[in-house]
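**Student:** Here you go, input_15.txt (compact mmCIF, C-alpha atoms):
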# COMPACT_ATOMS: atom_id res chain seq x y z
CA LEU A 70 10.01 -157.96 -49.51
CA VAL A 71 7.48 -155.38 -50.62
CA ALA A 72 5.12 -156.14 -53.48
CA PHE A 73 5.39 -154.20 -56.71
CA SER A 74 2.91 -151.31 -56.84
CA CYS A 75 3.78 -148.96 -59.64
CA LYS A 76 0.29 -147.46 -60.12
CA ARG A 77 -0.15 -148.14 -63.85
CA ARG A 78 3.24 -147.70 -65.44
CA GLY A 79 3.00 -149.11 -68.96
CA SER A 80 4.11 -152.71 -68.52
CA CYS A 81 4.17 -153.69 -64.86
CA PRO A 82 3.64 -157.45 -64.38
CA SER A 83 2.04 -156.87 -60.98
CA CYS A 84 -0.52 -154.42 -62.38
CA SER A 85 -1.25 -156.70 -65.34
CA ALA A 86 -1.83 -159.65 -63.02
CA SER A 87 -4.17 -157.57 -60.85
CA ARG A 88 -6.19 -156.46 -63.88
CA MET A 89 -6.44 -160.06 -65.11
CA VAL A 90 -7.74 -161.21 -61.71
CA GLU A 91 -10.28 -158.37 -61.59
CA SER A 92 -11.46 -159.11 -65.15
CA ALA A 93 -11.82 -162.83 -64.40
CA ALA A 94 -13.80 -162.11 -61.23
CA LEU A 95 -16.13 -159.74 -63.11
CA LEU A 96 -16.72 -162.30 -65.86
CA MET A 97 -17.44 -165.14 -63.44
CA THR A 98 -19.71 -163.21 -61.07
CA ASP A 99 -21.58 -160.73 -63.28
CA ILE A 100 -21.42 -161.74 -66.94
CA LEU A 101 -21.07 -165.47 -67.59
CA PRO A 102 -23.85 -167.90 -66.65
CA GLN A 103 -23.30 -170.03 -63.55
CA GLN A 104 -22.28 -173.11 -65.54
CA LEU A 105 -19.07 -175.02 -66.09
CA HIS A 106 -16.56 -173.39 -68.44
CA ARG A 107 -13.51 -174.72 -70.24
CA GLN A 108 -10.52 -172.55 -71.10
CA TRP A 109 -9.07 -172.92 -74.57
CA VAL A 110 -5.77 -171.23 -75.40
CA LEU A 111 -4.50 -170.75 -78.93
CA SER A 112 -0.90 -169.77 -79.41
CA VAL A 113 0.40 -169.23 -82.93
CA LEU A 114 3.75 -169.49 -84.68
CA TYR A 115 6.08 -166.49 -84.78
CA PRO A 116 5.31 -165.40 -88.39
CA LEU A 117 1.60 -165.31 -87.52
CA ARG A 118 2.30 -163.35 -84.33
CA TRP A 119 3.93 -160.62 -86.39
CA LEU A 120 1.13 -160.71 -88.94
CA PHE A 121 -1.55 -160.46 -86.23
CA ALA A 122 0.28 -157.67 -84.39
CA GLN A 123 0.59 -155.58 -87.56
CA ASN A 124 -2.84 -156.38 -89.02
CA PRO A 125 -5.67 -156.58 -86.48
CA GLU A 126 -8.20 -157.36 -89.22
CA VAL A 127 -6.31 -160.58 -90.04
CA MET A 128 -6.22 -161.46 -86.35
CA GLY A 129 -9.99 -160.87 -86.17
CA LYS A 130 -10.59 -163.21 -89.11
CA ALA A 131 -8.42 -165.87 -87.48
CA LEU A 132 -10.28 -165.51 -84.18
CA LYS A 133 -13.63 -165.93 -85.97
CA VAL A 134 -12.33 -169.14 -87.53
CA VAL A 135 -11.17 -170.47 -84.16
CA ILE A 136 -14.48 -169.70 -82.47
CA ARG A 137 -16.45 -171.21 -85.35
CA VAL A 138 -14.39 -174.43 -85.33
CA ILE A 139 -14.62 -174.91 -81.55
CA SER A 140 -18.34 -174.05 -81.50
CA SER A 141 -19.03 -176.53 -84.29
CA TYR A 142 -17.07 -179.18 -82.44
CA LEU A 143 -19.07 -178.62 -79.23
CA ILE A 144 -22.41 -178.64 -81.05
CA LYS A 145 -21.49 -181.80 -82.96
CA ARG A 146 -20.26 -183.44 -79.73
CA ALA A 147 -23.70 -182.78 -78.22
CA GLY A 148 -25.30 -184.51 -81.20
CA LYS A 149 -27.04 -181.32 -82.35
CA ARG A 150 -27.06 -178.97 -85.33
CA HIS A 151 -26.33 -175.23 -85.54
CA THR A 152 -30.01 -174.55 -86.12
CA SER A 153 -31.03 -176.01 -82.75
CA ALA A 154 -28.00 -175.45 -80.46
CA LYS A 155 -25.74 -172.54 -79.55
CA THR A 156 -22.55 -172.11 -77.58
CA GLY A 157 -21.16 -169.19 -75.64
CA ALA A 158 -17.63 -167.85 -75.33
CA VAL A 159 -15.54 -164.91 -74.21
CA THR A 160 -12.08 -164.25 -75.65
CA LEU A 161 -9.26 -162.20 -74.22
CA ILE A 162 -6.39 -161.45 -76.56
CA GLN A 163 -2.99 -161.39 -74.93
CA ARG A 164 -0.25 -159.71 -76.93
CA PHE A 165 2.86 -160.15 -74.81
CA GLY A 166 4.58 -162.89 -72.84
CA SER A 167 6.11 -162.56 -69.40
CA ALA A 168 9.36 -161.15 -70.83
CA LEU A 169 7.42 -158.53 -72.86
CA SER A 170 8.16 -160.49 -76.02
CA LEU A 171 5.57 -160.44 -78.79
CA SER A 172 3.33 -163.42 -78.11
CA VAL A 173 -0.12 -162.87 -79.59
CA HIS A 174 -2.44 -165.60 -78.33
CA PHE A 175 -6.09 -166.07 -77.47
CA HIS A 176 -7.54 -167.10 -74.10
CA MET A 177 -11.10 -168.30 -74.67
CA LEU A 178 -13.66 -169.35 -72.08
CA PHE A 179 -16.34 -171.54 -73.63
CA ILE A 180 -19.38 -172.75 -71.78
CA ASP A 181 -18.69 -176.46 -71.38
CA ALA A 182 -22.03 -177.35 -72.96
CA VAL A 183 -24.55 -176.18 -75.51
CA TYR A 184 -27.86 -174.40 -75.20
CA VAL A 185 -30.59 -176.30 -77.03
CA THR A 186 -33.65 -174.35 -78.13
CA PRO A 187 -36.52 -176.80 -78.62
CA GLY A 188 -39.14 -174.27 -77.52
CA LYS A 189 -39.44 -170.84 -76.03
CA TYR A 190 -36.62 -171.20 -73.45
CA PRO A 191 -33.16 -172.64 -74.04
CA ILE A 192 -32.12 -175.79 -72.19
CA PHE A 193 -28.55 -176.29 -70.97
CA GLN A 194 -27.10 -179.60 -72.23
CA ARG A 195 -23.74 -180.60 -70.81
CA ILE A 196 -21.27 -182.43 -73.04
CA LYS A 197 -18.36 -184.78 -72.39
CA ALA A 198 -14.81 -183.47 -72.19
CA PRO A 199 -12.89 -183.39 -75.48
CA THR A 200 -10.85 -186.43 -76.40
CA GLY A 201 -7.22 -186.37 -77.49
CA GLU A 202 -8.28 -187.36 -81.00
CA GLY A 203 -10.91 -184.60 -81.05
CA LEU A 204 -8.35 -182.01 -79.99
CA THR A 205 -5.93 -183.19 -82.68
CA ASP A 206 -8.67 -182.80 -85.30
CA LEU A 207 -9.50 -179.31 -83.99
CA VAL A 208 -5.87 -178.20 -84.18
CA GLN A 209 -5.63 -179.54 -87.73
CA GLN A 210 -8.78 -177.73 -88.86
CA ILE A 211 -7.73 -174.47 -87.23
CA SER A 212 -4.22 -174.70 -88.70
CA VAL A 213 -5.49 -175.25 -92.24
CA ARG A 214 -8.05 -172.44 -92.05
CA ILE A 215 -5.66 -169.91 -90.51
CA SER A 216 -3.06 -170.87 -93.10
CA ASP A 217 -5.66 -170.11 -95.80
CA ILE A 218 -6.30 -166.67 -94.22
CA ARG A 219 -2.55 -165.96 -94.15
CA THR A 220 -2.15 -167.04 -97.78
CA GLN A 221 -5.05 -164.84 -98.88
CA TRP A 222 -3.56 -161.88 -97.00
CA LEU A 223 -0.08 -162.37 -98.47
CA ASN A 224 -1.48 -162.75 -102.01
CA ARG A 225 -3.49 -159.56 -101.56
CA ALA A 226 -0.54 -157.47 -100.45
Translate the structure described by the file into structure tokens.

**Tutor:**
Amino acid sequence: LVAFSCKRRGSCPSCSASRMVESAALLMTDILPQQLHRQWVLSVLYPLRWLFAQNPEVMGKALKVVIRVISSYLIKRAGKRHTSAKTGAVTLIQRFGSALSLSVHFHMLFIDAVYVTPGKYPIFQRIKAPTGEGLTDLVQQISVRISDIRTQWLNRA
């Protein structure tokens, strides 16, 4: 068997996989700090997928909510406040599934810790892995806030 090599035809799975690997390698070697990272993936229900695909500004608002909720969770888990601790994340938005079906979802890499700024230089403070209960609370918060964004958008239109 010969591997697929279409040289950038619109939707080649082989090319997409190669670009994803190259992007991940660039992030890990040149951009992100040499610390532990945790991947968070948010997939949304079909009505929201259509809304996000047609209205990027709504998708942007939803992504801000997700990042804010996860960042707050990490900072709180470290026993800190937003004024003294920061998180870091990179998000890649994937719009299609393997069958080229509409499947808008977010792949987020968060530093698995917080940076505490007691003085001039930040200090890296590792945190414990999330608990099942913590993840359930996060999903609930994100669901409610994204539902509010959707409701506001639908009432506006």

**Student:** Taking into account all atoms listed in the file, which residue in the set A:Thr186, A:Pro125, A:Leu132, A:Ile162 is nearest to Arg150 (chain A)?

**Tutor:**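 That would be A:Thr186, the residue with the smallest distance to Arg150 (chain A).
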
**Student:** Name the residues in contact with Lys197 (chain A) at a cut-off of 9 Å, using only C-alpha atoms, excluding same-chain residues fewer than 5 positions from it; report them as a ChimeraX atom specification.

**Tutor:** /A:146-147,181-182

**Student:** Could you jot down the CA of Arg214 (chain A) to CA of Ile144 (chain A) separation for me, Å, one decimal place?

**Tutor:** 19.1 Å

**Student:** Which residue, A:Val173, A:Ala158, A:Leu223, A:Leu143, has the smallest gap to Leu207 (chain A) when you use all atoms listed in the file?

**Tutor:**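 Using all atoms listed in the file, Leu207 (chain A) sits closest to A:Leu143.
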
**Student:** Tell me which protein, DNA and RNA residues are within 9 Å of Gln163 (chain A), counting only C-alpha atoms, leaving out same-chain ones fewer than 6 positions away, and put them as a list in words.

**Tutor:** Ser172, Val173, His174, Phe175 and His176 of chain A

**Student:** A:Ile192, A:His151, A:Ile211, A:Leu178: which is nearest Met97 (chain A), counting all atoms listed in the file?

**Tutor:** A:Leu178

**Student:** One decimal, in Å: what's the spacing between CA of Gly203 (chain A) and CA of Glu126 (chain A)?

**Tutor:**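 Interatomic distance here is 28.6 Å.
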
**Student:** Would you mind reading off the distance between CA of Gly201 (chain A) and CA of Asp217 (chain A), one decimal, in Å?

**Tutor:**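 Interatomic distance, CA of Gly201 (chain A) to CA of Asp217 (chain A): 24.5 Å.
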
**Student:** Rank nothing, just name the residue among A:Gln210, A:His106, A:Trp222, A:Lys149 nearest to Arg137 (chain A), using only C-alpha atoms.

**Tutor:**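 Nearest to Arg137 (chain A): A:Gln210.
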
**Student:** In terms of the shortest atom-to-atom distance over all atoms listed in the file, which of A:Lys189, A:Lys145, A:Arg195, A:Arg107 is closest to Thr160 (chain A)?

**Tutor:**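 Of A:Lys189, A:Lys145, A:Arg195, A:Arg107, the one nearest Thr160 (chain A) is A:Arg107, counting all atoms listed in the file.
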
**Student:** Between A:Val183, A:Met128, A:Met177, A:Val134, which residue has the minimum interatomic distance to Lys155 (chain A), considering all atoms listed in the file?

**Tutor:**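 Closest to Lys155 (chain A), using all atoms listed in the file: A:Val183.
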
**Student:** Padding 4 Å on each side, edges along x, y and z: where is the centre of the box around the listed atoms of region 187-196 of chain A, and how long are its edges in Å to one decimal? Output it as lines of an AutoDock Vina configuration file.

**Tutor:**
center_x = -30.4
center_y = -176.6
center_z = -74.7
size_x = 26.2
size_y = 19.6
size_z = 15.8

**Student:** Anything within 10 Å of (-23.6, -170.6, -67.1): list those residues as a PyMOL selection string, counting all atoms listed in the file and sticking to the file's coordinates.

**Tutor:** chain A and resi 97+100-106+157+179-182+184+193

**Student:** Arg219 (chain A): which residues within 12 Å, counting all atoms listed in the file, same-chain residues fewer than 6 positions away excluded, as a list in words?

**Tutor:** Leu114, Pro116, Leu117, Arg118, Trp119, Leu120, Phe121, Asn124, Glu126, Val127, Met128, Lys130, Ala131, Ser212, Val213, Arg225 and Ala226 of chain A
